[in-house]
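Below: one structure, written as structure tokens.
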Amino acid sequence: MPIPGLIDPVPVPREVTPRADGRVDLIGLSRKQITAVLEQAGLDAKAAKLRAKQVFHWLYHRGVTDFEAMTDIAKTMRPWLAARFVIGRPDVVEAQVSNDGTRKWLLRTADNHDFEMVFIPDATRGTLCVSSQVGCTLNCRFCHTGTMRLVRNLTPGEIVGQVMLARDVLGEWPRGSMASLGSDDSLDFDDGDEDEGADYTPDGRLLTNIVMMGMGEPLYNFDHVRDALKVVMDGDGLALSKRRITLSTSGVVPMMARAGEEIGVNLAVSLHAVTKEVRDEIVPINRKYGIEELLQACADYPGASNARRITFEYVMLKDKNDRDSDAHELVRLIKQYGLPAKVNLIPFNPWPGAPYECSTPERIKRFAGIVFDAGISAPVRTPRGRDIDAACGQLKTAAERKSRAELDRLLEEKQAALG
Ligand code: SAH
Ligand code: SF4
């Protein structure tokens, strides 16, 4: 009998607590959904549609958080909007910067759940590592997040909110104002070239890529992740190309085809082992969806091609999955399924109490060499942000870490009292 909560624990998400003031947070809503909430608030269909288009642009393209800044919306209408809606961001509990430039934020939802986000700049790109859930129901044995229990799925607003916040912090919203365009007191909004104001200068961006590799299993929160990424990809808003977004899954096979069809971003698969025995142990979802099924789903993934390869993530665990024979089997499997693939070798990032060690650098080099010699790209990922516990698999909220530390202290006190 499967152990509940271990292999395929379809999460029963806790409901999001509504805001106490009854206002609706617009972040995460699509243009269509903004139209609908404006109609519900009393605008007629035509007005709602026009206003939604304006508001969408202000929210996601300009990054404003105050309705008063929406200068092409009638002055009298702005307080009306502010009374009914908010433009939210996750609360920042803590922000840390690593000595290698990696940044980590501990964020908090409006109903007080903590989750993490990481930004990794390098020479050619800046990658934001976004969370999809608070905690994770899967218990991959090498992953610190996997030791947390799932609290709840993040909403589209909380997922998009991470990108918004990163842009705020990095100062990446287009500068300049639209004041010169004047305010629109009629409803004939001209949706033409409002961006052509003389002082409007979209600048170079630091945040160029997004990976759904923070806390959680994105394919267990499919609808919210899809809706959020659609907003992130919308050309009138944040406008990140699907080619610059990667979704990483531990192997939720039944959702992979839909991910390709309905989201269409790059796919990364946390493979980590090539035998049933080892993968069952380290990625327990393997007991439900085995390696063959997973690789077949990869072969069927819509949009995969030599130009858009599937990334296989492979964490290097000493004496567990790092033998020459594992590397040869990895190559054989990729070829057997005809996969346009690249392999990311991730040195294991240790955390207190982890049951594994990282493979030696020589072993990793040798493993990479075998895969590379077979014609498959196999870069070894340099761990980033280790000093602030921001590296892959180290995400576990400080709040939880603290409560564990407190528990340990209490335990020690108790033991001392017992003599
Ligand atoms: N749940 C998804 C995405 C989040 S995990 C998934 O599992 O794919 C993002 C990546 O970090 C995964 O490949 C995961 O296996 C890897 N990872 C987790 N813990 C790690 C650790 N301690 N060291 C190195 N990589 C780790
Ligand atoms: Fe969850 Fe991914 Fe960590 Fe596994 S590796 S426990 S799926 S976050």
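Within each chain, counting starts at residue 1; across the structure tokens, chains are named A, B, ... in the order shown, with ligands numbered 1 upward in that order.
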
Open item on the list: Distance limit 6 Å, reference ligand 2, atoms considered: only C-alpha atoms and all ligand atoms. Which residues make the cut? Give them as a ChimeraX atom specification.
Closed with: /A:136,138-140,143,145-146,215-217,250

Write the selection just made, keeping N, CA, C and O atoms, as a PDB file, in the first residue's frame?
ATOM      1  N   CYS A 136       6.392  21.327  -0.173  1.00  0.00           N
ATOM      2  CA  CYS A 136       6.235  20.395  -1.293  1.00  0.00           C
ATOM      3  C   CYS A 136       5.721  19.083  -0.720  1.00  0.00           C
ATOM      4  O   CYS A 136       6.133  18.680   0.362  1.00  0.00           O
ATOM      5  N   LEU A 138       6.111  16.222  -2.220  1.00  0.00           N
ATOM      6  CA  LEU A 138       6.990  15.122  -2.610  1.00  0.00           C
ATOM      7  C   LEU A 138       8.195  15.134  -1.680  1.00  0.00           C
ATOM      8  O   LEU A 138       8.607  16.193  -1.228  1.00  0.00           O
ATOM      9  N   ASN A 139       8.717  13.990  -1.407  1.00  0.00           N
ATOM     10  CA  ASN A 139       9.793  13.929  -0.419  1.00  0.00           C
ATOM     11  C   ASN A 139      11.083  13.425  -1.049  1.00  0.00           C
ATOM     12  O   ASN A 139      11.621  12.407  -0.622  1.00  0.00           O
ATOM     13  N   CYS A 140      11.588  14.138  -2.052  1.00  0.00           N
ATOM     14  CA  CYS A 140      12.861  13.722  -2.628  1.00  0.00           C
ATOM     15  C   CYS A 140      13.898  13.785  -1.506  1.00  0.00           C
ATOM     16  O   CYS A 140      13.971  14.775  -0.781  1.00  0.00           O
ATOM     17  N   CYS A 143      16.464  16.718  -1.000  1.00  0.00           N
ATOM     18  CA  CYS A 143      15.953  18.093  -1.136  1.00  0.00           C
ATOM     19  C   CYS A 143      15.434  18.605   0.197  1.00  0.00           C
ATOM     20  O   CYS A 143      14.601  17.965   0.840  1.00  0.00           O
ATOM     21  N   THR A 145      13.584  21.275   0.747  1.00  0.00           N
ATOM     22  CA  THR A 145      12.165  21.656   0.675  1.00  0.00           C
ATOM     23  C   THR A 145      11.278  20.431   0.913  1.00  0.00           C
ATOM     24  O   THR A 145      10.202  20.532   1.493  1.00  0.00           O
ATOM     25  N   GLY A 146      11.779  19.278   0.439  1.00  0.00           N
ATOM     26  CA  GLY A 146      10.994  18.051   0.578  1.00  0.00           C
ATOM     27  C   GLY A 146      10.785  17.620   2.023  1.00  0.00           C
ATOM     28  O   GLY A 146       9.945  16.764   2.306  1.00  0.00           O
ATOM     29  N   MET A 215      10.462  26.580  -4.442  1.00  0.00           N
ATOM     30  CA  MET A 215       9.776  25.570  -3.625  1.00  0.00           C
ATOM     31  C   MET A 215       8.584  25.009  -4.372  1.00  0.00           C
ATOM     32  O   MET A 215       7.835  25.739  -5.018  1.00  0.00           O
ATOM     33  N   GLY A 216       8.408  23.699  -4.244  1.00  0.00           N
ATOM     34  CA  GLY A 216       7.173  23.090  -4.730  1.00  0.00           C
ATOM     35  C   GLY A 216       7.303  22.378  -6.060  1.00  0.00           C
ATOM     36  O   GLY A 216       8.298  22.512  -6.779  1.00  0.00           O
ATOM     37  N   GLU A 217       6.276  21.591  -6.368  1.00  0.00           N
ATOM     38  CA  GLU A 217       6.209  20.866  -7.634  1.00  0.00           C
ATOM     39  C   GLU A 217       5.182  21.589  -8.519  1.00  0.00           C
ATOM     40  O   GLU A 217       3.977  21.509  -8.276  1.00  0.00           O
ATOM     41  N   SER A 250       9.495  16.999 -11.166  1.00  0.00           N
ATOM     42  CA  SER A 250      10.123  15.770 -10.674  1.00  0.00           C
ATOM     43  C   SER A 250       9.583  14.560 -11.436  1.00  0.00           C
ATOM     44  O   SER A 250      10.039  13.452 -11.213  1.00  0.00           O
TER      45      SER A 250
END

TODO: Write as number ranges by chain the residues around ligand 1, taking 7 Å as the cut-off and counting only C-alpha atoms and all ligand atoms.
DONE: A: 142-144, 212-218, 248-250, 269-270, 313-315, 346-351, 392-394

Write the residues you've just listed into a file as a PDB file, in the first residue's frame, and include N, CA and C atoms for each of them.
ATOM      1  N   PHE A 142      17.039  14.119  -1.178  1.00  0.00           N
ATOM      2  CA  PHE A 142      18.209  15.015  -1.147  1.00  0.00           C
ATOM      3  C   PHE A 142      17.779  16.471  -1.071  1.00  0.00           C
ATOM      4  N   CYS A 143      16.464  16.718  -1.000  1.00  0.00           N
ATOM      5  CA  CYS A 143      15.953  18.093  -1.136  1.00  0.00           C
ATOM      6  C   CYS A 143      15.434  18.605   0.197  1.00  0.00           C
ATOM      7  N   HIS A 144      15.923  19.773   0.580  1.00  0.00           N
ATOM      8  CA  HIS A 144      15.523  20.322   1.875  1.00  0.00           C
ATOM      9  C   HIS A 144      14.052  20.721   1.883  1.00  0.00           C
ATOM     10  N   MET A 212      10.941  27.757 -12.956  1.00  0.00           N
ATOM     11  CA  MET A 212      10.016  27.322 -11.900  1.00  0.00           C
ATOM     12  C   MET A 212      10.738  26.213 -11.142  1.00  0.00           C
ATOM     13  N   MET A 213      11.704  26.621 -10.336  1.00  0.00           N
ATOM     14  CA  MET A 213      12.550  25.659  -9.619  1.00  0.00           C
ATOM     15  C   MET A 213      12.708  26.035  -8.162  1.00  0.00           C
ATOM     16  N   GLY A 214      11.834  26.890  -7.682  1.00  0.00           N
ATOM     17  CA  GLY A 214      11.893  27.243  -6.265  1.00  0.00           C
ATOM     18  C   GLY A 214      11.211  26.158  -5.449  1.00  0.00           C
ATOM     19  N   MET A 215      10.462  26.580  -4.442  1.00  0.00           N
ATOM     20  CA  MET A 215       9.776  25.570  -3.625  1.00  0.00           C
ATOM     21  C   MET A 215       8.584  25.009  -4.372  1.00  0.00           C
ATOM     22  N   GLY A 216       8.408  23.699  -4.244  1.00  0.00           N
ATOM     23  CA  GLY A 216       7.173  23.090  -4.730  1.00  0.00           C
ATOM     24  C   GLY A 216       7.303  22.378  -6.060  1.00  0.00           C
ATOM     25  N   GLU A 217       6.276  21.591  -6.368  1.00  0.00           N
ATOM     26  CA  GLU A 217       6.209  20.866  -7.634  1.00  0.00           C
ATOM     27  C   GLU A 217       5.182  21.589  -8.519  1.00  0.00           C
ATOM     28  N   PRO A 218       5.667  22.297  -9.535  1.00  0.00           N
ATOM     29  CA  PRO A 218       4.743  23.133 -10.316  1.00  0.00           C
ATOM     30  C   PRO A 218       3.595  22.351 -10.967  1.00  0.00           C
ATOM     31  N   SER A 248      10.363  23.107 -14.174  1.00  0.00           N
ATOM     32  CA  SER A 248      11.052  21.881 -13.751  1.00  0.00           C
ATOM     33  C   SER A 248      10.080  20.978 -13.001  1.00  0.00           C
ATOM     34  N   THR A 249      10.021  19.727 -13.420  1.00  0.00           N
ATOM     35  CA  THR A 249       9.154  18.776 -12.726  1.00  0.00           C
ATOM     36  C   THR A 249       9.944  17.556 -12.272  1.00  0.00           C
ATOM     37  N   SER A 250       9.495  16.999 -11.166  1.00  0.00           N
ATOM     38  CA  SER A 250      10.123  15.770 -10.674  1.00  0.00           C
ATOM     39  C   SER A 250       9.583  14.560 -11.436  1.00  0.00           C
ATOM     40  N   VAL A 269      13.473  18.180 -16.429  1.00  0.00           N
ATOM     41  CA  VAL A 269      12.989  17.012 -15.704  1.00  0.00           C
ATOM     42  C   VAL A 269      14.050  16.589 -14.696  1.00  0.00           C
ATOM     43  N   SER A 270      13.622  16.456 -13.452  1.00  0.00           N
ATOM     44  CA  SER A 270      14.551  16.051 -12.395  1.00  0.00           C
ATOM     45  C   SER A 270      14.690  14.536 -12.433  1.00  0.00           C
ATOM     46  N   GLU A 313      17.876  17.159 -15.229  1.00  0.00           N
ATOM     47  CA  GLU A 313      18.674  17.539 -14.067  1.00  0.00           C
ATOM     48  C   GLU A 313      19.131  16.271 -13.359  1.00  0.00           C
ATOM     49  N   TYR A 314      20.398  16.299 -12.960  1.00  0.00           N
ATOM     50  CA  TYR A 314      20.983  15.106 -12.354  1.00  0.00           C
ATOM     51  C   TYR A 314      21.855  15.560 -11.201  1.00  0.00           C
ATOM     52  N   VAL A 315      21.379  15.327  -9.990  1.00  0.00           N
ATOM     53  CA  VAL A 315      22.116  15.757  -8.803  1.00  0.00           C
ATOM     54  C   VAL A 315      23.174  14.700  -8.495  1.00  0.00           C
ATOM     55  N   ILE A 346      24.213  18.669 -11.345  1.00  0.00           N
ATOM     56  CA  ILE A 346      24.152  19.586 -10.201  1.00  0.00           C
ATOM     57  C   ILE A 346      24.895  18.970  -9.021  1.00  0.00           C
ATOM     58  N   PRO A 347      26.021  19.563  -8.628  1.00  0.00           N
ATOM     59  CA  PRO A 347      26.671  19.054  -7.417  1.00  0.00           C
ATOM     60  C   PRO A 347      25.675  19.157  -6.258  1.00  0.00           C
ATOM     61  N   PHE A 348      25.564  18.100  -5.497  1.00  0.00           N
ATOM     62  CA  PHE A 348      24.612  18.089  -4.375  1.00  0.00           C
ATOM     63  C   PHE A 348      24.934  19.217  -3.400  1.00  0.00           C
ATOM     64  N   ASN A 349      23.923  19.974  -3.050  1.00  0.00           N
ATOM     65  CA  ASN A 349      24.091  21.028  -2.052  1.00  0.00           C
ATOM     66  C   ASN A 349      23.659  20.486  -0.698  1.00  0.00           C
ATOM     67  N   PRO A 350      24.610  20.368   0.217  1.00  0.00           N
ATOM     68  CA  PRO A 350      24.251  19.757   1.502  1.00  0.00           C
ATOM     69  C   PRO A 350      23.419  20.690   2.383  1.00  0.00           C
ATOM     70  N   TRP A 351      22.684  20.118   3.255  1.00  0.00           N
ATOM     71  CA  TRP A 351      21.942  20.868   4.273  1.00  0.00           C
ATOM     72  C   TRP A 351      22.012  20.040   5.557  1.00  0.00           C
ATOM     73  N   CYS A 392      20.189  25.293  -5.147  1.00  0.00           N
ATOM     74  CA  CYS A 392      19.162  24.294  -5.450  1.00  0.00           C
ATOM     75  C   CYS A 392      18.913  23.402  -4.259  1.00  0.00           C
ATOM     76  N   GLY A 393      17.661  23.235  -3.932  1.00  0.00           N
ATOM     77  CA  GLY A 393      17.303  22.252  -2.920  1.00  0.00           C
ATOM     78  C   GLY A 393      17.551  22.705  -1.499  1.00  0.00           C
ATOM     79  N   GLN A 394      18.055  23.934  -1.335  1.00  0.00           N
ATOM     80  CA  GLN A 394      18.290  24.396   0.043  1.00  0.00           C
ATOM     81  C   GLN A 394      17.139  25.247   0.558  1.00  0.00           C
TER      82      GLN A 394
END

TODO: Could you check how far atom CA of Ala368 of chain A sits from atom CA of Val380 of chain A, in Å to one decimal?
DONE: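 Computing the Euclidean distance for atom CA of Ala368 of chain A and atom CA of Val380 of chain A yields 7.3 Å.
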
- [ ] Find the distance between atom CA of Leu107 of chain A and atom CA of Lys32 of chain A and write it in Å to one decimal.
- [x] 27.9 Å

Open item on the list: Would you pick out the contacts of segment 169-172 of chain A at 8 Å or less, using only C-alpha atoms, so that residues sharing its chain but fewer than 2 positions from it are not included, and give the list as a list in words?
Closed with: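 Contacts, in chain order: Leu165, Ala166, Arg167, Pro174, Asp203, Arg205, Leu206 and Leu207 of chain A.
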
Take the residues from that selection and write them out as a PDB file, in the first residue's frame, keeping all heavy atoms.
ATOM      1  N   LEU A 165       7.859  41.690  -7.817  1.00  0.00           N
ATOM      2  CA  LEU A 165       8.728  42.140  -6.733  1.00  0.00           C
ATOM      3  C   LEU A 165      10.186  42.185  -7.180  1.00  0.00           C
ATOM      4  O   LEU A 165      10.918  43.138  -6.878  1.00  0.00           O
ATOM      5  CB  LEU A 165       8.578  41.171  -5.557  1.00  0.00           C
ATOM      6  CG  LEU A 165       9.302  41.588  -4.301  1.00  0.00           C
ATOM      7  CD1 LEU A 165       8.479  42.616  -3.554  1.00  0.00           C
ATOM      8  CD2 LEU A 165       9.541  40.384  -3.413  1.00  0.00           C
ATOM      9  N   ALA A 166      10.614  41.164  -7.926  1.00  0.00           N
ATOM     10  CA  ALA A 166      11.999  41.144  -8.401  1.00  0.00           C
ATOM     11  C   ALA A 166      12.257  42.349  -9.293  1.00  0.00           C
ATOM     12  O   ALA A 166      13.285  43.024  -9.179  1.00  0.00           O
ATOM     13  CB  ALA A 166      12.276  39.843  -9.147  1.00  0.00           C
ATOM     14  N   ARG A 167      11.295  42.649 -10.161  1.00  0.00           N
ATOM     15  CA  ARG A 167      11.466  43.840 -11.016  1.00  0.00           C
ATOM     16  C   ARG A 167      11.506  45.119 -10.192  1.00  0.00           C
ATOM     17  O   ARG A 167      12.257  46.036 -10.499  1.00  0.00           O
ATOM     18  CB  ARG A 167      10.305  43.921 -12.026  1.00  0.00           C
ATOM     19  CG  ARG A 167      10.489  43.001 -13.207  1.00  0.00           C
ATOM     20  CD  ARG A 167      10.662  43.819 -14.491  1.00  0.00           C
ATOM     21  NE  ARG A 167      11.219  42.999 -15.539  1.00  0.00           N
ATOM     22  CZ  ARG A 167      10.586  42.727 -16.679  1.00  0.00           C
ATOM     23  NH1 ARG A 167       9.385  43.198 -16.917  1.00  0.00           N
ATOM     24  NH2 ARG A 167      11.177  41.991 -17.578  1.00  0.00           N
ATOM     25  N   PRO A 174      10.036  50.248 -16.813  1.00  0.00           N
ATOM     26  CA  PRO A 174      10.412  51.325 -17.740  1.00  0.00           C
ATOM     27  C   PRO A 174      10.313  52.670 -17.035  1.00  0.00           C
ATOM     28  O   PRO A 174       9.352  52.911 -16.312  1.00  0.00           O
ATOM     29  CB  PRO A 174       9.366  51.218 -18.846  1.00  0.00           C
ATOM     30  CG  PRO A 174       8.787  49.865 -18.726  1.00  0.00           C
ATOM     31  CD  PRO A 174       8.931  49.456 -17.295  1.00  0.00           C
ATOM     32  N   ASP A 203      14.530  50.278 -20.501  1.00  0.00           N
ATOM     33  CA  ASP A 203      15.975  50.058 -20.424  1.00  0.00           C
ATOM     34  C   ASP A 203      16.333  48.578 -20.440  1.00  0.00           C
ATOM     35  O   ASP A 203      15.475  47.720 -20.436  1.00  0.00           O
ATOM     36  CB  ASP A 203      16.538  50.728 -19.162  1.00  0.00           C
ATOM     37  CG  ASP A 203      15.657  50.499 -17.963  1.00  0.00           C
ATOM     38  OD1 ASP A 203      14.645  49.792 -18.097  1.00  0.00           O
ATOM     39  OD2 ASP A 203      15.968  51.018 -16.890  1.00  0.00           O
ATOM     40  N   ARG A 205      17.464  44.971 -19.277  1.00  0.00           N
ATOM     41  CA  ARG A 205      16.930  44.250 -18.128  1.00  0.00           C
ATOM     42  C   ARG A 205      17.985  43.349 -17.503  1.00  0.00           C
ATOM     43  O   ARG A 205      18.795  42.746 -18.180  1.00  0.00           O
ATOM     44  CB  ARG A 205      15.801  43.333 -18.600  1.00  0.00           C
ATOM     45  CG  ARG A 205      14.662  44.077 -19.214  1.00  0.00           C
ATOM     46  CD  ARG A 205      13.521  44.121 -18.241  1.00  0.00           C
ATOM     47  NE  ARG A 205      12.288  44.422 -18.930  1.00  0.00           N
ATOM     48  CZ  ARG A 205      11.744  45.632 -18.951  1.00  0.00           C
ATOM     49  NH1 ARG A 205      12.330  46.625 -18.333  1.00  0.00           N
ATOM     50  NH2 ARG A 205      10.620  45.835 -19.585  1.00  0.00           N
ATOM     51  N   LEU A 206      17.930  43.236 -16.194  1.00  0.00           N
ATOM     52  CA  LEU A 206      18.753  42.250 -15.496  1.00  0.00           C
ATOM     53  C   LEU A 206      18.030  40.914 -15.432  1.00  0.00           C
ATOM     54  O   LEU A 206      18.613  39.858 -15.533  1.00  0.00           O
ATOM     55  CB  LEU A 206      19.027  42.723 -14.064  1.00  0.00           C
ATOM     56  CG  LEU A 206      20.017  43.858 -13.890  1.00  0.00           C
ATOM     57  CD1 LEU A 206      20.019  44.327 -12.438  1.00  0.00           C
ATOM     58  CD2 LEU A 206      21.407  43.383 -14.283  1.00  0.00           C
ATOM     59  N   LEU A 207      16.711  41.006 -15.238  1.00  0.00           N
ATOM     60  CA  LEU A 207      15.927  39.772 -15.110  1.00  0.00           C
ATOM     61  C   LEU A 207      15.532  39.309 -16.514  1.00  0.00           C
ATOM     62  O   LEU A 207      14.645  39.890 -17.136  1.00  0.00           O
ATOM     63  CB  LEU A 207      14.673  40.073 -14.276  1.00  0.00           C
ATOM     64  CG  LEU A 207      13.866  38.925 -13.683  1.00  0.00           C
ATOM     65  CD1 LEU A 207      12.764  39.464 -12.799  1.00  0.00           C
ATOM     66  CD2 LEU A 207      13.306  37.968 -14.698  1.00  0.00           C
TER      67      LEU A 207
END

Task: Within 9 Å of Arg243 of chain A using only C-alpha atoms, minus same-chain residues under 4 positions, as number ranges by chain - done: A: 209, 264-266, 308

Open item on the list: From a backbone DSSP assignment, name each residue in segment 241-381 of chain A labelled alpha helix (DSSP H), as an NGL selection string.
Closed with: :A and (253-258 or 276-282 or 291-299 or 324-336 or 361-373)

For the residues selected in the previous step, produce a file with N, CA and C atoms as a short mmCIF file (atom, residue, chain, number, x, y, z; two decimals), in the first residue's frame.
data_model
loop_
_atom_site.label_atom_id
_atom_site.label_comp_id
_atom_site.auth_asym_id
_atom_site.auth_seq_id
_atom_site.Cartn_x
_atom_site.Cartn_y
_atom_site.Cartn_z
N VAL A 253 4.02 12.68 -14.65
CA VAL A 253 3.81 12.28 -16.04
C VAL A 253 2.44 12.70 -16.61
N PRO A 254 1.34 12.48 -15.90
CA PRO A 254 0.04 12.78 -16.51
C PRO A 254 -0.16 14.26 -16.85
N MET A 255 0.64 15.15 -16.27
CA MET A 255 0.45 16.58 -16.53
C MET A 255 1.44 17.13 -17.56
N MET A 256 2.36 16.30 -18.03
CA MET A 256 3.42 16.85 -18.87
C MET A 256 2.93 17.29 -20.24
N ALA A 257 2.04 16.50 -20.85
CA ALA A 257 1.54 16.89 -22.18
C ALA A 257 0.77 18.20 -22.09
N ARG A 258 -0.05 18.33 -21.04
CA ARG A 258 -0.81 19.58 -20.88
C ARG A 258 0.13 20.76 -20.65
N LYS A 276 15.56 1.88 -11.47
CA LYS A 276 14.34 1.96 -10.65
C LYS A 276 14.68 2.00 -9.17
N GLU A 277 15.64 1.14 -8.80
CA GLU A 277 15.98 1.04 -7.39
C GLU A 277 16.42 2.40 -6.81
N VAL A 278 17.35 3.03 -7.51
CA VAL A 278 17.88 4.28 -6.97
C VAL A 278 16.86 5.42 -7.09
N ARG A 279 16.16 5.48 -8.23
CA ARG A 279 15.22 6.59 -8.38
C ARG A 279 14.04 6.45 -7.41
N ASP A 280 13.61 5.21 -7.19
CA ASP A 280 12.56 4.99 -6.18
C ASP A 280 12.98 5.56 -4.83
N GLU A 281 14.27 5.39 -4.52
CA GLU A 281 14.73 5.87 -3.22
C GLU A 281 14.84 7.39 -3.16
N ILE A 282 15.43 8.00 -4.21
CA ILE A 282 15.73 9.42 -4.05
C ILE A 282 14.64 10.34 -4.59
N ILE A 291 10.63 5.35 -14.78
CA ILE A 291 11.56 6.01 -15.70
C ILE A 291 11.10 5.88 -17.16
N GLU A 292 10.62 4.69 -17.55
CA GLU A 292 10.22 4.51 -18.96
C GLU A 292 9.05 5.43 -19.30
N GLU A 293 8.05 5.44 -18.41
CA GLU A 293 6.88 6.29 -18.64
C GLU A 293 7.30 7.76 -18.74
N LEU A 294 8.21 8.13 -17.84
CA LEU A 294 8.67 9.52 -17.79
C LEU A 294 9.39 9.89 -19.08
N LEU A 295 10.27 9.00 -19.55
CA LEU A 295 11.03 9.33 -20.76
C LEU A 295 10.13 9.32 -21.99
N GLN A 296 9.12 8.47 -21.98
CA GLN A 296 8.16 8.49 -23.09
C GLN A 296 7.40 9.82 -23.11
N ALA A 297 7.02 10.29 -21.92
CA ALA A 297 6.32 11.59 -21.85
C ALA A 297 7.24 12.71 -22.34
N CYS A 298 8.53 12.57 -22.09
CA CYS A 298 9.49 13.57 -22.60
C CYS A 298 9.54 13.49 -24.14
N ALA A 299 9.59 12.27 -24.64
CA ALA A 299 9.64 12.12 -26.10
C ALA A 299 8.39 12.72 -26.75
N ASP A 324 30.36 5.23 -13.38
CA ASP A 324 30.49 5.26 -14.84
C ASP A 324 29.29 4.57 -15.49
N SER A 325 28.88 3.45 -14.89
CA SER A 325 27.77 2.70 -15.50
C SER A 325 26.48 3.52 -15.50
N ASP A 326 26.30 4.38 -14.49
CA ASP A 326 25.11 5.26 -14.48
C ASP A 326 25.17 6.24 -15.66
N ALA A 327 26.36 6.78 -15.89
CA ALA A 327 26.52 7.74 -16.99
C ALA A 327 26.24 7.06 -18.33
N HIS A 328 26.76 5.83 -18.50
CA HIS A 328 26.52 5.11 -19.76
C HIS A 328 25.03 4.79 -19.93
N GLU A 329 24.39 4.42 -18.84
CA GLU A 329 22.95 4.10 -18.91
C GLU A 329 22.13 5.37 -19.23
N LEU A 330 22.56 6.48 -18.68
CA LEU A 330 21.88 7.76 -18.97
C LEU A 330 21.94 8.04 -20.48
N VAL A 331 23.11 7.87 -21.04
CA VAL A 331 23.28 8.10 -22.48
C VAL A 331 22.40 7.12 -23.27
N ARG A 332 22.42 5.87 -22.85
CA ARG A 332 21.64 4.85 -23.57
C ARG A 332 20.15 5.21 -23.55
N LEU A 333 19.65 5.61 -22.40
CA LEU A 333 18.22 5.94 -22.28
C LEU A 333 17.86 7.13 -23.17
N ILE A 334 18.69 8.16 -23.13
CA ILE A 334 18.41 9.37 -23.93
C ILE A 334 18.37 8.99 -25.41
N LYS A 335 19.28 8.13 -25.81
CA LYS A 335 19.32 7.73 -27.24
C LYS A 335 18.15 6.81 -27.57
N GLN A 336 17.84 5.90 -26.65
CA GLN A 336 16.74 4.95 -26.91
C GLN A 336 15.43 5.70 -27.18
N PRO A 361 34.80 16.07 -7.03
CA PRO A 361 34.94 16.80 -8.30
C PRO A 361 35.46 15.90 -9.42
N GLU A 362 36.38 14.99 -9.10
CA GLU A 362 36.93 14.10 -10.14
C GLU A 362 35.84 13.19 -10.70
N ARG A 363 34.99 12.68 -9.80
CA ARG A 363 33.90 11.78 -10.21
C ARG A 363 32.93 12.55 -11.13
N ILE A 364 32.62 13.79 -10.73
CA ILE A 364 31.66 14.58 -11.52
C ILE A 364 32.25 14.84 -12.91
N LYS A 365 33.55 15.15 -12.93
CA LYS A 365 34.23 15.43 -14.19
C LYS A 365 34.16 14.21 -15.11
N ARG A 366 34.44 13.07 -14.52
CA ARG A 366 34.46 11.82 -15.29
C ARG A 366 33.05 11.50 -15.82
N PHE A 367 32.05 11.67 -14.96
CA PHE A 367 30.66 11.42 -15.34
C PHE A 367 30.27 12.35 -16.50
N ALA A 368 30.60 13.63 -16.34
CA ALA A 368 30.28 14.62 -17.38
C ALA A 368 30.96 14.24 -18.69
N GLY A 369 32.22 13.77 -18.58
CA GLY A 369 32.99 13.40 -19.77
C GLY A 369 32.31 12.29 -20.55
N ILE A 370 31.79 11.30 -19.85
CA ILE A 370 31.15 10.17 -20.53
C ILE A 370 29.91 10.65 -21.30
N VAL A 371 29.12 11.49 -20.66
CA VAL A 371 27.90 11.98 -21.31
C VAL A 371 28.27 12.87 -22.50
N PHE A 372 29.25 13.74 -22.27
CA PHE A 372 29.67 14.67 -23.30
C PHE A 372 30.25 13.93 -24.52
N ASP A 373 31.06 12.90 -24.26
CA ASP A 373 31.66 12.14 -25.36
C ASP A 373 30.62 11.43 -26.20
#

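For the pair atom CA of Asn112 of chain A and atom CA of Gly126 of chain A, the interatomic distance is 28.5 Å.
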
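Of the listed residues (A:Thr155, A:Ser98, A:Thr109, A:Thr360), A:Thr155 comes nearest to Gly28 of chain A; the distances count only C-alpha atoms.
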
Task: Who sits within 10 Å of Trp105 of chain A, only C-alpha atoms, same chain under 2 positions skipped, as a PyMOL selection string - done: chain A and resi 91-97+103+107-108+115-119+162+165-166+390+397

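Candidate residues A:Arg226, A:Arg309, A:Lys320, A:Lys53 were compared for distance to Ser359 of chain A, and the nearest is A:Lys320, using only C-alpha atoms.
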
- [ ] Name the residues of segment 209-407 of chain A that fall into strand (DSSP E) according to DSSP on the backbone, using the chain letters and numbers of this document, as a list in words.
- [x]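 After running DSSP on the backbone, segment 209-407 of chain A has strand (DSSP E) at Asn209, Ile210, Val211, Met212, Ile245, Thr246, Leu247, Ser248, Thr249, Asn266, Leu267, Ala268, Val269, Ser270, Ile310, Thr311, Phe312, Glu313, Tyr314, Val315, Met316, Ala341, Lys342, Val343, Asn344, Leu345, Ile346 and Pro347 of chain A.
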
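The residue that comes closest to Thr127 of chain A, out of A:Arg31, A:Arg23, A:Arg175, A:Arg384 and on the basis of only C-alpha atoms, is A:Arg384.
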
Task: Shortest interatomic distance to Leu247 of chain A - which of A:Ala374, A:Leu339, A:Val283, A:Ile210, counting only C-alpha atoms - done: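 Going through A:Ala374, A:Leu339, A:Val283, A:Ile210 one by one, the smallest distance to Leu247 of chain A is for A:Ile210.
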